[in-house]
Structure formats: structure tokens, C-alpha cells
Amino acid sequence: MQDRIKYWKGIEELENTPEFAKNAHNEFPEFLPVNEAKGDDASAGGKTHRRDFLKLLGFSMAAVSLASCEAPVRKAIPYLNKPVDVEPGVANWYASTFFGDGDYNSILVKTREGRPIKIEPNNESGLTSSGTSPKAQASLMGLYDENRLRYPLINKKEASWAEVDKQIRARLANVNGKVVIVSSTIISPSTKQLINEFGSRFANFEHVTYDANSASGLLAANGGVVPGYDFSKANVIVSVAADFLGTWIAPIPFAKQYIQRRKVSSDKPEMSRHYQFETRLSLTGSNADVRVPIKPSEEAAVIQALYNGITGNGAASAAGVDAKALAAAIKELKANNGRALVVAGSNDPGVQAMVTAINRALGAEGTSIDTTSPYYTRQGNDGQMIRLVNEMNAGTVGAVFFYDANPVYNHPLAEKVVSGLKKVNLRVSFADRVNETAALVEFVAPDNNYLESWNDFEPKKGFLSLAQPVISPIFTTRQAQDSLLVWSGNSTSYYDYLRNNWRKIATGDFNKFWEQAVHDGVLQNGTSVLAITPAATSAAPVARVTKPTGIEAVLYEKAAIGSGEMANNPWLQEMPDPISKATWGNYVAMPRKMAEEMKVVQGDVIKVTMANGRSIELPALVQPGQAQGTVAIAVGYGRNVDAMPVAKGVGANAYPIATVADNTVFYTGSVKLEKTSAFSEIAQTQTHHTIMDRLVVQESTLAKYKENPKEVTEYARIPTHNGPAKPATISLWDDYEYKDHHWGMVVDLNSCIGCGACTISCQVENNIPVVGKAEVLNRREMHWIRIDRYYSAVEHEDRDYKTMEDPAENPSVVFQPMMCQHCNHAPCETVCPVAATMHSSEGLNQMAYNRCVGTRYCANNCPYKVRRFNWFAYPNNEKFVNINTTMQTDLGKMVLNPDVTVRSRGVMEKCSFCVQRIQLGKLEAKRENRRPKDGEIVSACAQSCPTEALVFGDMLDPESRISKLLKKEQGERAFHVLEELNVQPNVTYLTKIRNLA
């Protein structure tokens, strides 16, 4: 008997707790009352009285009767003079750029009848083509946010722009002291030039840049820029606490580069090897071949050991760190000189200086680091911001403008920022709402949404892109750049200013050049506009050595919520964290051993106190892979302003417990943990059912794949009198014969990094409602595609879990996108009593919503658990006013896709393979009297995937990418989930391959 891999979804399944065992197989884990019974009618145990159930039945019958007799009132306003560029029912597309929270994406914006409804990747971009981030997909919600300011404010009262301009210009003319613009990183060349011109009018001016997620140490060690990392050029990657696939520096460009060396085939059985040393189990660490848990205080020691091992200047070891893994990493780095890369997430300039020296010694500069094209997506300077805070408190600052900056919320010296602001005479914010900092200023001059604005961007030297307004400003807001021009006495609009700035780089006729640039959205001819000149790197500083006592904490950003800038977005709040699968809030992630020692169960509220005396209280979450003796807490939560009702009261603000030392912000330090008597349940999405030890995901090693590609995947066989046979060859069904099209999908488990972009893209495209924390806890989330995260460890034939090393200490991770499998022998279709779910002639499992009566038989009979039931009428429902904002207000409903029905209460829904896109593509091809071309019809999930892990297409087209991929991988890596059931899915998975040392 050989060793086998044991998979589990979470600690509760690993331990098979009584609560999990009780509920794992139940569709409804407990009776969920319609409304709480009160008084004498209350039944034992507080359950709803049976009369309430009968009332509900009576109401349902009455509602159905009324709905069948009463026609809705509709108002149609026709075009008297139709705009030339608007054709009812036909989408318009505009190239633009999303840059927010340090996340850059070149995008295309889909509009219908003048309103933006979907964001897709701009394939013309050399940095972010063929994919977007979850934040970029969800950014549409910010445009239709009811809580945006409608007018400028003076002392918290609505005012006209004329009055705001008059007062600010008068105050600036007599300003006494330094004038400062505080912003997060700006990668717009024209905006930076405008800020400098605005400041040139004053004797003492400074533009202070700080980022909530600081990379100040990295910049200090590399002359003020981020090195031009290129993960596609590295055979060996060593990352020390850098979550470069999640939130570090430029995750989408990095993910695209990284995955180029992770895709394998029998033609090219090679892939990079990735070592990850980190404290918490990050998105990047979960994709590594070799992951080593370390404490934050050990990061500098690991870098020092790498430096010593490569240069031969000292001992190549670090106390307390896996010596075998460290030695293997050093050996492979040295063996791949010129084809290796080391990165670190530390904010310590000394650590980053050593990383720079390591890469230089490895010959990375000029190969895996492009020295001619650095990244500009992080420019924050911790020391500059700390100095400004002190200057404000000293009373030497006369005016301060906050542009895309909210230090009262996200800076560890927030208390000093508040006290300093009281001593500044002129305080202005460009915030789009009254956030924590805007609440303390005199003037709020609300900026336009980025989809209402013109701008330019240079995320990486030589890579330019443009943003154009795809809708007129919804409210009486004004682009911040236009405000600066007005206050400078310049009558030029920012659009004209932008065009004039681009004349410097134009070739030939400018108007033609400009129109082409706006049309393409990008200009990538090596031209650079951003005025950032790398400074000479100073002598390498010494790494900051700390000796923390007790438990160490690390603060981090989640892939969806990030720094909290977009925390009012319900799509992002409900997107499950890729690792913990938790939604709606942050928590204290701790290893299982620590939880056992503290006698803490998941949900127990823990008080976390830093050395600086500040503390927060959050529920505990037992996290496999968390380094022993450490905890991790996500930032971006704990908003407490009325202008962010979705985020208000969700989680706790972790920024105040960050530390400041040596003019640098550090998100690590010693903490004291205390268990409180409170309990707060964490809403997770992957604890709702069990795979019952069935073969669902498959993985193997590169060594085995090279040896024999046909033996890395296990296939189900059914015993017959003629010997073992494939399940598909034995059936009582009449098989479908597909003639025109047969739609399917291939999911490469090697390429899926678990980022969740597909989940948000599907939600936006298909009008999927947000249900909120309470309903997630009730197992009622509505996502049509989920990313199942499986932990795994080797189960040896002669040992069980009680005698082996703790499998939760450092498990391997596999991500598996799971959507409706569109089975050819669909078990849902056979049990529906009203034929609401049926099979199409093109291989789609379809839903007729107006036929569905909500028996939920189909959900019970689905082995993949991918069908969703509408428990509520989500539109216009007071229960979801601050949760499902896309369906509660007229403004919020503008984001809905008119090509997709908004489902009603009591019906089932699920992935449709974006049938509306399929039909549109077929109609356009029919109009041109041809067959749809491969790549013309792509599902929303596949189009948004930054690593192209999802391949969608017509399996009857022999020239389609999916057909070629299936033909190539058949019998090697291609498998169907639960093949033994013989439901014959149209979704095929490719076995994950690990490049183990």
C-alpha cells in the first residue's frame, strides 16, 4: 500500500468535531425560523410556533394570486433624438485604467445605454492583459455608491463650487506656513506635474506621499523606485514574507509573469521552483513548492543567511529556521546564477539592501530584474509623513490638502495627525465622502469617480495608459486636478492640460496620435513621462535586529479589502478570503497549538495588546500554516463613519497597533493575548459540506510527471465482467448528440492561484446578490463560482493522524474553482418535478426561472453543491439595505446587467456558462454568416482570470484552444471531478504539479 494524500477543508473537518459531524451532511443544519416567536405563543426552545408557518403559507398563496392578477406599472421614455454612439441593447466599450489601493489594471469598460456595467481586461496592455484583480472588477460599485458626496462641503455644510473656490483662493493668497499636499502613490505623470506647478506658487511647498501598506524600506534600498522584477525569467524564486501574488507591489503583473513558468505540458515538462519563508499562510505561500513558516523577527536572519550563503561572507544558517530548506534554497540560487530572484516584504531598509545585494550577486540585474524599467506603483515615504505629522503639531504647516489619503484612519500616528490638524489654518480634502480625515477638515472638494475622469498612468517605466470618462459625473463633483487648476488661477481644463502634456511624446499628427492612444488605452513604445529619477543608493544600512518577547504579530492586507479604501464595497466584503474563506470582518489568525494552549475555540474574542499599549479585540480563527508563536491580523476593517454604512462596525481597525521606529512604519511586533468572555462567530464559506474523503482534487510532482505523464492522474474504473471499465462507457442514459456547438471549460489547477477575480467577475456579470454576514453563517451565500481551498498532507500507510506530525502545522494547499459542471448526465435534471432545469442542445444545463417552484431537489441531488436557492426577494428588501446595495436603490440598480434576469424569491440559480454571452456571440456570427471564432465567446470568469487558469470554448471546434488542450492532456492531466458517478461533466480539470525539492 502506498502513501496517499489526505485532503481536508478546515480544522473542523480535520478534527471531525461533533458540530461538524452533525451538520456536514445536512442541507439545513438547523430549523431556521421565519420570525422569532414571542410571549405565550413561543414554543419550547424559542422555536417558531406552527401558526407562524401556516401564516407564511397563507401569505405565499395570497402573494402568488395577487402577482398573477396585477400587472406592474412601467414607464418608458423613448429617445426623441438618439445619441449617435448609443444603440439600445448594444454595448459600447471604452478603454480606461483602474489604479486604486496600489492595484493597477488596464481595463475595458462595458456600457449599456450610457451606464457602465462591467469591467474587462484590456488585452492591448503588456502588463495586465488577459486578467483583472478582484478590486478592479468590483470598482464599478464605487461609481453607484449612494454615500458619495453630492456637493462640496464647507464646515460640513453643502456649498457651491463657486463659494469653495472663492474662499480657498483667498486663504491660499494669505497662507502662513508650509503648504502641503498629502497623497498616496500617484502614478499619473500629468497629475504629478500639475501638483508641482501648483506648489511652485508658494515659498514653502511639499508633496508628501505615504502608502497605508508601506514599501518605504524597499524604496530606500533601491534609489526611490521598485526594481523591475520579472518572475518569468527566474528558474528559482525565493520570497521572504512578500505576498507578490496577493497584495505586494504589483500583484497582477507579477501573477502573469509567475504563472508563465508554472504551466507544464508533456512537450515542456519544466517549471520554476518557488521557496516561501513567511509567518502567515499567504496567497503566495499557498502556491509555493516549498513553504517554511518563520516568525517576523526571523525574516532578517533568513535574508542574512541567504546573503552569507551566496557571497560566502558568513554562516548560511538562521537559528530556529528549517536548515534543510534554507540550504536547499541557497544551493539552487547559486546553481541558477542569472536565472534566480529573491524578494522580501520587509519594510526594513537594511533587509532590503541585503536583498538588493543578493540579487546583484546572483546576476539577477539585467535578467530577472529589468534595471531599465522599474515599477512606480509604490512611492510612499514613511519618514516624510512622520516629519509632516510633527510639523503640523509644531504649528508650522499653514495649509494641507489630502488627495486619496486618509491618515486619521490608516496611519499608526493617527492620534498625532488629529491633534496636528487642529493647528493647521487651511484644511482641504478631495475625498469622495466624509471619511475619517475629511470629517476634520474645513473644505471637502469631492473628487470624481475614476470612471468619470480623464487621467494618465505610468505603473512601470515605459508603460503608459490612459483613463477616459465613460459616464458624465453623476453628482456635482469635480475632478481633483481641475480643482487644483482653478485654485492656481489656470482656466485650462484638466483634459486640455493632459493633452498638452502628451504632446511632448507624440509622433506625427497629434490628433491622430491622441485618438489612437485613447482608443487603445495604452502606449507602450518605451516612452516615459513620469518624472522619477532613481537616486543613488546609499551605503547598505544595517538590518534592524529586534528581540521580541512572547507572541509576535504581523499585520497584512487581504486580497479583496486591501488597505480598506474600498471597504464600503459589499462585493469585496463578501468575497471569501482565499486562505481562511472568511467574509465580513477580520480576526486573529493563530496556529492550532496556540489555540489549544490558550483553550481558545474559533470565535472566542481575543484582546490583542501591542508593546505601544494600544489594543483591539477580535475573534480567534484557527489557521493551518500559521507559524508557531505568532498571530496575524488583517488591516482595512473597523470603519466607523456614517458615509461607509456597508463597512461600519465590520471588524476592528488594526492600524493603530502598528509601530513606528527609525522613521519607518513596521507592521510586526510583540503582543499580549488575553481571552475575553465574548464570542463572535466568523462567517466562512467552505465549512458547509464535506467531500467525504472522495477523490476531488489531484496533484503530483514534476519528477513523476517527467518520468511518465500518463501516471500522474488517477482515473476511476468500474469493475465489469470484462474487467475494469471507464464509468462513461457504462450507462443507462441515452447520450446526447451535439451537432452545432458543445460548450465546455478546462481548469488548470497548476495555473489557479486562488485570487478570487473570477468570483467577483461572475457576480457582477450575472447580477448575483450579496447576502451579508448573517446569511453566510446560515449557509446562504449566492456565488455561482467558488474557489475551494483544500489543505493536504501525506497520510502514511503505517500511521494515522494521531501518530504523525501535526498536518495543520504546515499543510500544502490546492485551489479548485468549482462551478456548475453542466453534466451531460445531470442528476439535477432527473429530479426536478417541473422540468425547470434541463439540458440544451449545446451541452448547457439550463434554468427556466419562471418554471422553478423551489423544491430544492436539484440542490440536494447535485454532488458538487453548486446550486443556489433564493431565500429572499433581494431587490427593495429592507433587510439588505446596507448589504446588497446593488438592488436597493435606483442608483445602485444602474450596475445591473440588463441581459441577465434578476432572480426572484423561491427559485434556484447557478452558473449558466454566461449563456447571454454565448447567444450574443452566436448572433453576431450569424449576422456575418459565419461560425463563431474561438476567443470571441468567453465566460466572465475565464475573461477575468489573470493567469488564464480557465479556458472556455466550443469543444466541437477542432481549432479551438479548449479542443487542442483536451486532446493534448487526455490520459495525462485531464480528469473529471467525481468521475465515478458518471454524471459526465463538461468541465475538465488538469492535475496540479508541484516542483518539490
# chains A, B, ... in the order shown; residues from 1 in each chain; ligands from 1
$ residues_around --residues "range 377-392 of chain A" --least-positions-apart "4" --cutoff "9 Å" --atoms "only C-alpha atoms" --output "number ranges by chain"
A: 102-104, 180, 182-187, 208-217, 219-220, 224-226, 249-250, 396-398, 413, 416-417, 419-424, 458-460, 660, 662-665
$ residues_around --residues "range 762-779 of chain A" --least-positions-apart "4" --cutoff "7 Å" --atoms "only C-alpha atoms" --output "PyMOL selection string"
chain A and resi 118+570-571+574+584+683+685+688+758+783+874+883-884+896-897+900+902+940-941
$ write_last_selection --atoms "all heavy atoms" --output "short mmCIF file (atom, residue, chain, number, x, y, z; two decimals), in the first residue's frame"
data_model
loop_
_atom_site.label_atom_id
_atom_site.label_comp_id
_atom_site.auth_asym_id
_atom_site.auth_seq_id
_atom_site.Cartn_x
_atom_site.Cartn_y
_atom_site.Cartn_z
N LYS A 118 -19.79 46.70 -16.58
CA LYS A 118 -18.84 45.59 -16.45
C LYS A 118 -17.44 46.06 -16.82
O LYS A 118 -17.26 46.92 -17.68
CB LYS A 118 -19.24 44.42 -17.38
CG LYS A 118 -18.42 43.15 -17.20
CD LYS A 118 -18.65 42.50 -15.86
CE LYS A 118 -17.99 41.14 -15.74
NZ LYS A 118 -16.53 41.20 -15.69
N PRO A 570 -19.75 46.05 -0.95
CA PRO A 570 -20.25 44.76 -0.43
C PRO A 570 -19.76 43.56 -1.21
O PRO A 570 -19.64 42.47 -0.65
CB PRO A 570 -21.77 44.92 -0.54
CG PRO A 570 -22.00 45.98 -1.56
CD PRO A 570 -20.83 46.91 -1.47
N TRP A 571 -19.47 43.72 -2.51
CA TRP A 571 -18.92 42.60 -3.28
C TRP A 571 -17.61 42.13 -2.65
O TRP A 571 -17.34 40.94 -2.56
CB TRP A 571 -18.69 43.01 -4.72
CG TRP A 571 -19.92 43.11 -5.56
CD1 TRP A 571 -21.09 42.42 -5.40
CD2 TRP A 571 -20.10 43.93 -6.71
NE1 TRP A 571 -21.98 42.78 -6.38
CE2 TRP A 571 -21.41 43.69 -7.20
CE3 TRP A 571 -19.29 44.84 -7.38
CZ2 TRP A 571 -21.92 44.34 -8.33
CZ3 TRP A 571 -19.80 45.48 -8.51
CH2 TRP A 571 -21.10 45.23 -8.98
N GLU A 574 -17.96 40.47 0.89
CA GLU A 574 -18.48 39.10 0.89
C GLU A 574 -17.61 38.12 0.11
O GLU A 574 -17.86 36.92 0.11
CB GLU A 574 -19.91 39.08 0.33
CG GLU A 574 -20.65 37.78 0.60
CD GLU A 574 -22.14 37.98 0.72
OE1 GLU A 574 -22.58 38.67 1.67
OE2 GLU A 574 -22.88 37.46 -0.13
N TRP A 584 -16.72 39.22 5.65
CA TRP A 584 -17.30 40.22 6.54
C TRP A 584 -16.55 40.36 7.88
O TRP A 584 -17.11 40.14 8.95
CB TRP A 584 -18.77 39.92 6.80
CG TRP A 584 -19.63 40.08 5.59
CD1 TRP A 584 -20.05 39.11 4.76
CD2 TRP A 584 -20.17 41.32 5.08
NE1 TRP A 584 -20.82 39.65 3.73
CE2 TRP A 584 -20.90 41.00 3.91
CE3 TRP A 584 -20.08 42.64 5.49
CZ2 TRP A 584 -21.56 41.97 3.15
CZ3 TRP A 584 -20.73 43.61 4.73
CH2 TRP A 584 -21.47 43.27 3.58
N ALA A 683 -17.95 34.21 9.77
CA ALA A 683 -18.72 33.71 8.62
C ALA A 683 -17.78 33.18 7.56
O ALA A 683 -17.18 33.94 6.81
CB ALA A 683 -19.59 34.83 8.06
N THR A 685 -17.14 30.30 4.28
CA THR A 685 -17.96 29.73 3.22
C THR A 685 -17.61 28.30 2.85
O THR A 685 -18.28 27.71 2.03
CB THR A 685 -17.83 30.57 1.93
OG1 THR A 685 -16.48 30.52 1.48
CG2 THR A 685 -18.25 31.99 2.15
N HIS A 688 -19.35 24.14 4.87
CA HIS A 688 -20.76 23.79 4.76
C HIS A 688 -21.02 22.35 4.35
O HIS A 688 -22.14 21.87 4.44
CB HIS A 688 -21.44 24.73 3.77
CG HIS A 688 -21.38 26.17 4.18
ND1 HIS A 688 -21.92 27.18 3.45
CD2 HIS A 688 -20.82 26.77 5.26
CE1 HIS A 688 -21.70 28.34 4.05
NE2 HIS A 688 -21.02 28.11 5.14
N CYS A 758 -12.33 35.67 -10.50
CA CYS A 758 -13.43 35.05 -11.24
C CYS A 758 -14.73 35.13 -10.46
O CYS A 758 -15.81 35.32 -11.04
CB CYS A 758 -13.09 33.60 -11.57
SG CYS A 758 -12.67 32.60 -10.13
N HIS A 783 -22.77 33.02 -4.45
CA HIS A 783 -21.78 32.99 -5.52
C HIS A 783 -21.98 31.78 -6.43
O HIS A 783 -22.09 30.65 -5.96
CB HIS A 783 -20.36 32.96 -4.94
CG HIS A 783 -19.99 34.20 -4.19
ND1 HIS A 783 -19.38 34.17 -2.95
CD2 HIS A 783 -20.16 35.51 -4.50
CE1 HIS A 783 -19.18 35.40 -2.53
NE2 HIS A 783 -19.65 36.24 -3.46
N TYR A 874 -34.36 39.75 -2.84
CA TYR A 874 -33.27 40.66 -2.50
C TYR A 874 -33.51 42.09 -2.96
O TYR A 874 -33.15 43.03 -2.26
CB TYR A 874 -31.95 40.12 -3.06
CG TYR A 874 -31.54 38.81 -2.41
CD1 TYR A 874 -31.74 37.60 -3.06
CD2 TYR A 874 -31.00 38.80 -1.13
CE1 TYR A 874 -31.40 36.41 -2.47
CE2 TYR A 874 -30.65 37.60 -0.53
CZ TYR A 874 -30.86 36.40 -1.20
OH TYR A 874 -30.52 35.22 -0.59
N ILE A 883 -26.38 46.13 2.77
CA ILE A 883 -25.62 44.94 2.41
C ILE A 883 -25.65 44.71 0.91
O ILE A 883 -24.64 44.83 0.22
CB ILE A 883 -26.18 43.69 3.15
CG1 ILE A 883 -26.06 43.89 4.67
CG2 ILE A 883 -25.44 42.44 2.72
CD1 ILE A 883 -26.77 42.84 5.49
N ASN A 884 -26.84 44.47 0.38
CA ASN A 884 -26.99 44.20 -1.05
C ASN A 884 -27.35 45.50 -1.77
O ASN A 884 -28.45 45.67 -2.29
CB ASN A 884 -28.06 43.13 -1.26
CG ASN A 884 -28.19 42.71 -2.70
OD1 ASN A 884 -27.21 42.69 -3.42
ND2 ASN A 884 -29.39 42.41 -3.11
N LEU A 896 -26.69 46.83 -12.69
CA LEU A 896 -27.20 45.52 -13.08
C LEU A 896 -27.10 45.31 -14.59
O LEU A 896 -27.34 46.22 -15.38
CB LEU A 896 -28.65 45.36 -12.62
CG LEU A 896 -28.89 45.41 -11.11
CD1 LEU A 896 -30.36 45.32 -10.80
CD2 LEU A 896 -28.13 44.29 -10.41
N ASN A 897 -26.77 44.09 -14.96
CA ASN A 897 -26.66 43.70 -16.36
C ASN A 897 -28.05 43.47 -16.94
O ASN A 897 -28.77 42.57 -16.51
CB ASN A 897 -25.82 42.43 -16.48
CG ASN A 897 -25.54 42.02 -17.91
OD1 ASN A 897 -26.06 42.60 -18.85
ND2 ASN A 897 -24.70 41.01 -18.08
N VAL A 900 -29.29 39.87 -18.11
CA VAL A 900 -29.44 38.76 -17.16
C VAL A 900 -30.59 39.06 -16.21
O VAL A 900 -30.64 40.13 -15.61
CB VAL A 900 -28.14 38.53 -16.36
CG1 VAL A 900 -28.31 37.38 -15.38
CG2 VAL A 900 -26.98 38.24 -17.30
N VAL A 902 -32.87 39.31 -13.01
CA VAL A 902 -32.69 39.37 -11.56
C VAL A 902 -33.67 38.36 -10.96
O VAL A 902 -34.89 38.52 -11.09
CB VAL A 902 -32.96 40.79 -11.02
CG1 VAL A 902 -32.88 40.79 -9.49
CG2 VAL A 902 -31.95 41.76 -11.60
N ALA A 940 -17.44 35.13 -18.20
CA ALA A 940 -16.91 36.22 -17.38
C ALA A 940 -15.76 35.75 -16.50
O ALA A 940 -14.76 36.47 -16.33
CB ALA A 940 -18.02 36.81 -16.51
N CYS A 941 -15.86 34.54 -15.95
CA CYS A 941 -14.81 34.05 -15.06
C CYS A 941 -13.50 33.85 -15.82
O CYS A 941 -12.43 34.22 -15.35
CB CYS A 941 -15.24 32.76 -14.37
SG CYS A 941 -15.72 31.43 -15.51
#
$ atom_distance --atom1 "CA of Ser792 in chain A" --atom2 "CA of Ile5 in chain A"
6.4 Å
$ select_by_dssp --residues "range 279-370 of chain A" --states "strand (DSSP E)" --output "PyMOL selection string"
chain A and resi 290-293+340-344+369-370
$ atom_distance --atom1 "CA of Glu120 in chain A" --atom2 "CA of Pro227 in chain A"
27.9 Å
$ atom_distance --atom1 "CA of Gln816 in chain A" --atom2 "CA of Lys992 in chain A"
9.8 Å
$ residues_around --residues "range 739-750 of chain A" --least-positions-apart "6" --cutoff "6 Å" --atoms "only C-alpha atoms" --output "count of residues only"
16
$ closest_residue --among "A:Leu523, A:Leu426, A:Arg639, A:Asn393" --to "Ile505 in chain A" --atoms "only C-alpha atoms"
A:Leu523
$ residues_around --residues "range 149-151 of chain A" --least-positions-apart "5" --cutoff "9 Å" --atoms "only C-alpha atoms" --output "JSON, numbers by chain"
{"A": [158, 159, 160, 161, 431, 432, 433, 434, 444, 445, 446, 474, 475, 476, 477, 643]}
$ residues_around --residues "Met838 in chain A" --least-positions-apart "6" --cutoff "7 Å" --atoms "only C-alpha atoms" --output "tab-separated table (two decimals) with all heavy atoms, in the first residue's frame"
chain	number	residue	atom	x	y	z
A	829	GLU	N	-31.34	17.29	-13.27
A	829	GLU	CA	-32.41	17.30	-14.26
A	829	GLU	C	-33.42	16.17	-14.02
A	829	GLU	O	-34.61	16.32	-14.30
A	829	GLU	CB	-31.83	17.18	-15.66
A	829	GLU	CG	-30.95	18.37	-16.06
A	829	GLU	CD	-30.22	18.14	-17.37
A	829	GLU	OE1	-30.59	17.19	-18.10
A	829	GLU	OE2	-29.29	18.91	-17.67
A	845	ASN	N	-26.46	23.06	-19.01
A	845	ASN	CA	-27.52	22.77	-18.05
A	845	ASN	C	-28.22	24.09	-17.76
A	845	ASN	O	-27.63	25.01	-17.21
A	845	ASN	CB	-26.93	22.17	-16.77
A	845	ASN	CG	-27.99	21.91	-15.73
A	845	ASN	OD1	-28.09	22.66	-14.76
A	845	ASN	ND2	-28.78	20.88	-15.91
A	846	GLN	N	-29.48	24.20	-18.15
A	846	GLN	CA	-30.19	25.48	-18.13
A	846	GLN	C	-31.24	25.54	-17.02
A	846	GLN	O	-31.74	24.50	-16.58
A	846	GLN	CB	-30.86	25.74	-19.48
A	846	GLN	CG	-29.89	25.77	-20.64
A	846	GLN	CD	-30.56	26.05	-21.97
A	846	GLN	OE1	-30.04	26.77	-22.80
A	846	GLN	NE2	-31.72	25.45	-22.18
A	847	MET	N	-31.57	26.78	-16.64
A	847	MET	CA	-32.63	27.01	-15.66
A	847	MET	C	-33.72	27.86	-16.27
A	847	MET	O	-33.45	28.93	-16.82
A	847	MET	CB	-32.07	27.73	-14.42
A	847	MET	CG	-31.34	26.85	-13.44
A	847	MET	SD	-32.36	25.58	-12.68
A	847	MET	CE	-33.70	26.54	-11.99
$ residues_around --residues "Val696 in chain A" --least-positions-apart "2" --cutoff "10 Å" --atoms "only C-alpha atoms" --output "list in words"
Tyr7, Ile691, Met692, Asp693, Arg694, Gln698, Tyr790, Gln816, Tyr864, Phe975, His976, Val977, Leu978, Glu979 and Tyr989 of chain A
$ write_last_selection --atoms "N, CA, C and O atoms" --output "tab-separated table (two decimals), in the first residue's frame"
chain	number	residue	atom	x	y	z
A	7	TYR	N	-6.88	15.05	2.10
A	7	TYR	CA	-7.35	16.42	1.92
A	7	TYR	C	-8.41	16.76	2.96
A	7	TYR	O	-9.21	15.91	3.35
A	691	ILE	N	-16.23	16.53	1.57
A	691	ILE	CA	-16.00	15.72	0.36
A	691	ILE	C	-16.01	14.23	0.70
A	691	ILE	O	-15.87	13.40	-0.19
A	692	MET	N	-16.15	13.92	1.99
A	692	MET	CA	-16.26	12.53	2.45
A	692	MET	C	-15.12	11.65	1.95
A	692	MET	O	-15.31	10.51	1.55
A	693	ASP	N	-13.93	12.25	1.92
A	693	ASP	CA	-12.71	11.51	1.57
A	693	ASP	C	-12.73	10.99	0.13
A	693	ASP	O	-12.06	10.03	-0.22
A	694	ARG	N	-13.53	11.64	-0.74
A	694	ARG	CA	-13.57	11.24	-2.14
A	694	ARG	C	-12.49	11.97	-2.92
A	694	ARG	O	-12.00	13.02	-2.52
A	698	GLN	N	-6.58	16.54	-7.56
A	698	GLN	CA	-5.46	15.63	-7.80
A	698	GLN	C	-4.18	16.43	-7.96
A	698	GLN	O	-4.18	17.53	-8.53
A	790	TYR	N	-8.25	23.49	-0.55
A	790	TYR	CA	-8.03	22.24	0.15
A	790	TYR	C	-6.65	22.22	0.77
A	790	TYR	O	-5.65	22.50	0.10
A	816	GLN	N	-9.23	25.00	-6.13
A	816	GLN	CA	-10.04	24.39	-7.18
A	816	GLN	C	-11.29	25.24	-7.46
A	816	GLN	O	-12.23	25.24	-6.66
A	864	TYR	N	-21.87	18.31	-6.55
A	864	TYR	CA	-20.87	19.38	-6.47
A	864	TYR	C	-21.33	20.55	-5.61
A	864	TYR	O	-20.55	21.46	-5.34
A	975	PHE	N	-8.84	15.33	-15.95
A	975	PHE	CA	-9.74	14.44	-15.21
A	975	PHE	C	-11.04	15.18	-14.89
A	975	PHE	O	-11.11	16.40	-14.94
A	976	HIS	N	-12.07	14.41	-14.60
A	976	HIS	CA	-13.35	14.95	-14.17
A	976	HIS	C	-13.52	14.71	-12.68
A	976	HIS	O	-13.17	13.62	-12.18
A	977	VAL	N	-14.05	15.68	-11.99
A	977	VAL	CA	-14.30	15.52	-10.56
A	977	VAL	C	-15.44	14.54	-10.35
A	977	VAL	O	-16.48	14.62	-11.03
A	978	LEU	N	-15.24	13.60	-9.44
A	978	LEU	CA	-16.23	12.56	-9.13
A	978	LEU	C	-16.64	11.79	-10.40
A	978	LEU	O	-17.82	11.55	-10.67
A	979	GLU	N	-15.64	11.41	-11.16
A	979	GLU	CA	-15.88	10.70	-12.42
A	979	GLU	C	-16.67	9.41	-12.21
A	979	GLU	O	-17.45	8.99	-13.06
A	989	TYR	N	-10.70	19.19	-15.38
A	989	TYR	CA	-9.62	19.75	-14.56
A	989	TYR	C	-8.30	19.11	-14.96
A	989	TYR	O	-8.26	17.95	-15.42
$ residues_around --residues "Pro811 in chain A" --least-positions-apart "2" --cutoff "8 Å" --atoms "only C-alpha atoms" --output "list in words"
Pro624, Gly625, Tyr791, Ser792, Ala793, Pro807, Ala808, Glu809 and Val813 of chain A
$ closest_residue --among "A:Glu332, A:Glu365, A:Glu515, A:Glu298" --to "Gly320 in chain A" --atoms "only C-alpha atoms"
A:Glu298
